[in-house]
Every structure is written in structure tokens, then in C-alpha cells.
Amino acid sequence: MMRDRHVLVTGSSSGIGRAITEHLLKSGATVIGIARNHNKFQPNSDNYKTFDVDVSDLKTLPSILKEILSEFPKLDGLVSNAGYGQFGGLENNSADQIYSYICANLTSHMVITRMVLPHFKAQKRGDIVYIGSEAALEGAKKGSLYCAAKFGLRGFSQSLREECASTNVRVSIINPGMVRTQFFENLDFHPADKPVNAIEPDDVALAAISIFSARQGTVIDEINLTPLKKAISFD
């Protein structure tokens, strides 16, 4: 199904990015994974190629992406997933912290897209899938930075989808609710323990695969995923 696809996945070593990578590999795709640390995920597959990258380092990111495009000229997919959660009152963040957070969770997606988009347009084929959040749909208390980044990513995705319509490049975004991953390790809350209280990473991965598998003339603009029941536990 995906044997001729070459997909770049950011944040491929854990959580949602890892699940998407696993499903892409199972479907026969070649995956170019970028993450800060690949030690925790080393699948036994010749189709998994890794680059050590901190996506928040916007000075070196373009040169690494140029290297990837040179090494993998058949690249025709991007899953832009890397990022992290940060919650609390806005006044608890310094100007540098705000800048760093937006760089990692919004600007990096734009820079990566800027680098791969001309390549996709030149070959008249490409799928771009952003991993957004339900936080892109409604603001939430103590989520000003997180919601701002996700609202921005959703708007970016919607605008880019319109820009790319005539170039055979498809742009989509998946907005999951709480997903049971390491995302919550450094936060003071997490989804409640029952299976109905959280999405699993595989759920998001299957949504991504459905986007890549859609008929070429069809664009799945946006997918919103939520747990059957929303319940939060506080640490």
C-alpha cells in the first residue's frame, strides 16, 4: 500500500510519532525519522533512517533538511509532529521561555514545511500531515501558550491547504484530545486510567495512514479525535 512512499516524521522516537512510524513501516513505507534521541526506539527495519535533530534549533534545522532532501530525493510525505506540552499562567513564563516554546511548537513546523514544500511541488506529489490538538479548537485555562501554538498550526494548515490545491500537494491536520503517551510525564495531570478516558497513539496513527491512503484526488482536511469520556487525574 505504501511501498513507494518516503515519509519524514518529526518526533519519531516516542509517543504519537513513534506509533505513526511503526504503522508506516508496517505498510511498507520508508521513514526518515528525526528526533533528539533515537536510543529509545530502534526498530529492526532497513526502511527506517534516522537523523538526530532538535527542531527548536532553527539555525541548524534548514541545513539538516537540505541533507535529508539530498539523500532521499523521493521524499513525498511529511508528518510534522514534534513538540511538547507546557501549561500554567502566562505570567509564569519569561519572554525567552515564550519565544523558545513557540519556536519548538509552531515555528519549527513552518520552517520544516518551508524546506520540503518546493520539493513536493516540483515532483507534483506530496502529503503533509500536522499533528495538532483539540487545544486548537477552543482556548483553555492555563493553556495560553499551548493553545496559541496549536491554533496557529491549525490556521497555518488551513491556509497552506488552499495554497497547495493546484500543485497536487495535500495538506491535512489531526487534532487529538488527550493521548496516553509520555506527553504527561512532566505535567501535573494526565488522563484518567480507564480506556475510555484517553486516545491511544495507534488511534492517531491509523488516522494518519487513512490520510496517506486516500484517493489522490481527495484531501482529508482535518480529523478531530476525542476520548469517549473526558476525565482528568491530577498528580
# chains A, B, ... in the order shown; residues from 1 in each chain; ligands from 1
>>> residues_around(residues="stretch 104-108 of chain A", least_positions_apart="5", cutoff="7 Å", atoms="only C-alpha atoms", output="mmCIF file with N, CA and C atoms, in the first residue's frame")
data_model
loop_
_atom_site.group_PDB
_atom_site.id
_atom_site.type_symbol
_atom_site.label_atom_id
_atom_site.label_comp_id
_atom_site.auth_asym_id
_atom_site.auth_seq_id
_atom_site.Cartn_x
_atom_site.Cartn_y
_atom_site.Cartn_z
ATOM 1 N N VAL A 55 14.310 20.149 16.791
ATOM 2 C CA VAL A 55 13.566 21.002 15.863
ATOM 3 C C VAL A 55 13.483 22.447 16.337
ATOM 4 N N SER A 56 13.744 22.687 17.629
ATOM 5 C CA SER A 56 13.705 24.063 18.116
ATOM 6 C C SER A 56 14.966 24.845 17.758
ATOM 7 N N LEU A 58 16.438 26.415 15.236
ATOM 8 C CA LEU A 58 16.051 26.884 13.909
ATOM 9 C C LEU A 58 17.244 27.300 13.052
ATOM 10 N N GLY A 83 6.963 18.252 19.297
ATOM 11 C CA GLY A 83 6.552 19.351 20.162
ATOM 12 C C GLY A 83 6.394 18.851 21.587
ATOM 13 N N TYR A 84 6.044 19.754 22.494
ATOM 14 C CA TYR A 84 5.858 19.348 23.886
ATOM 15 C C TYR A 84 4.811 20.243 24.540
ATOM 16 N N ALA A 149 -0.040 28.019 20.143
ATOM 17 C CA ALA A 149 0.750 27.259 19.171
ATOM 18 C C ALA A 149 -0.144 26.381 18.308
ATOM 19 N N GLY A 152 -2.375 28.392 15.975
ATOM 20 C CA GLY A 152 -1.538 28.856 14.872
ATOM 21 C C GLY A 152 -1.255 27.757 13.874
ATOM 22 N N LEU A 153 -0.971 26.548 14.364
ATOM 23 C CA LEU A 153 -0.687 25.433 13.469
ATOM 24 C C LEU A 153 -1.914 25.075 12.636
#
>>> residues_around(residues="A:Leu65", least_positions_apart="3", cutoff="8 Å", atoms="only C-alpha atoms", output="list of chain:residue names")
A:Leu61, A:Pro62, A:Ile68, A:Leu69, A:Ile112, A:Met115, A:Val116
>>> atom_distance(atom1="atom CA of A:Ala192", atom2="atom CA of A:Gly139")
21.2 Å
>>> select_by_dssp(residues="stretch 130-161 of chain A", states="alpha helix (DSSP H)", output="VMD selection string")
chain A and resid 144 to 161
>>> residues_around(residues="A:Leu75", least_positions_apart="6", cutoff="9 Å", atoms="only C-alpha atoms", output="VMD selection string")
chain A and resid 5 to 8 30 32 68 to 69 116 119 to 120 126
>>> residues_around(residues="stretch 11-26 of chain A", least_positions_apart="4", cutoff="6 Å", atoms="only C-alpha atoms", output="PyMOL selection string")
chain A and resi 33-35+38+41+81-82+181+201-202+205
>>> residues_around(residues="A:Ala208", least_positions_apart="5", cutoff="9 Å", atoms="only C-alpha atoms", output="number ranges by chain")
A: 20, 79, 129, 173-174, 203, 213
>>> residues_around(residues="A:Arg180", least_positions_apart="4", cutoff="7 Å", atoms="only C-alpha atoms", output="NGL selection string")
:A and (198-201)
>>> write_last_selection(atoms="N, CA and C atoms", output="short mmCIF file (atom, residue, chain, number, x, y, z; two decimals), in the first residue's frame")
data_model
loop_
_atom_site.label_atom_id
_atom_site.label_comp_id
_atom_site.auth_asym_id
_atom_site.auth_seq_id
_atom_site.Cartn_x
_atom_site.Cartn_y
_atom_site.Cartn_z
N ALA A 198 -8.96 8.19 27.33
CA ALA A 198 -7.82 8.67 26.54
C ALA A 198 -7.79 8.00 25.18
N ILE A 199 -7.21 8.69 24.24
CA ILE A 199 -6.93 8.13 22.93
C ILE A 199 -5.60 7.39 23.02
N GLU A 200 -5.46 6.33 22.26
CA GLU A 200 -4.19 5.63 22.18
C GLU A 200 -3.38 6.14 20.98
N PRO A 201 -2.05 6.10 21.06
CA PRO A 201 -1.24 6.56 19.92
C PRO A 201 -1.59 5.86 18.61
#
>>> closest_residue(among="A:Val196, A:Ala140, A:Asp57, A:Lys66", to="A:Cys103", atoms="only C-alpha atoms")
A:Asp57
>>> atom_distance(atom1="atom CA of A:Ser166", atom2="atom CA of A:Arg215")
16.0 Å
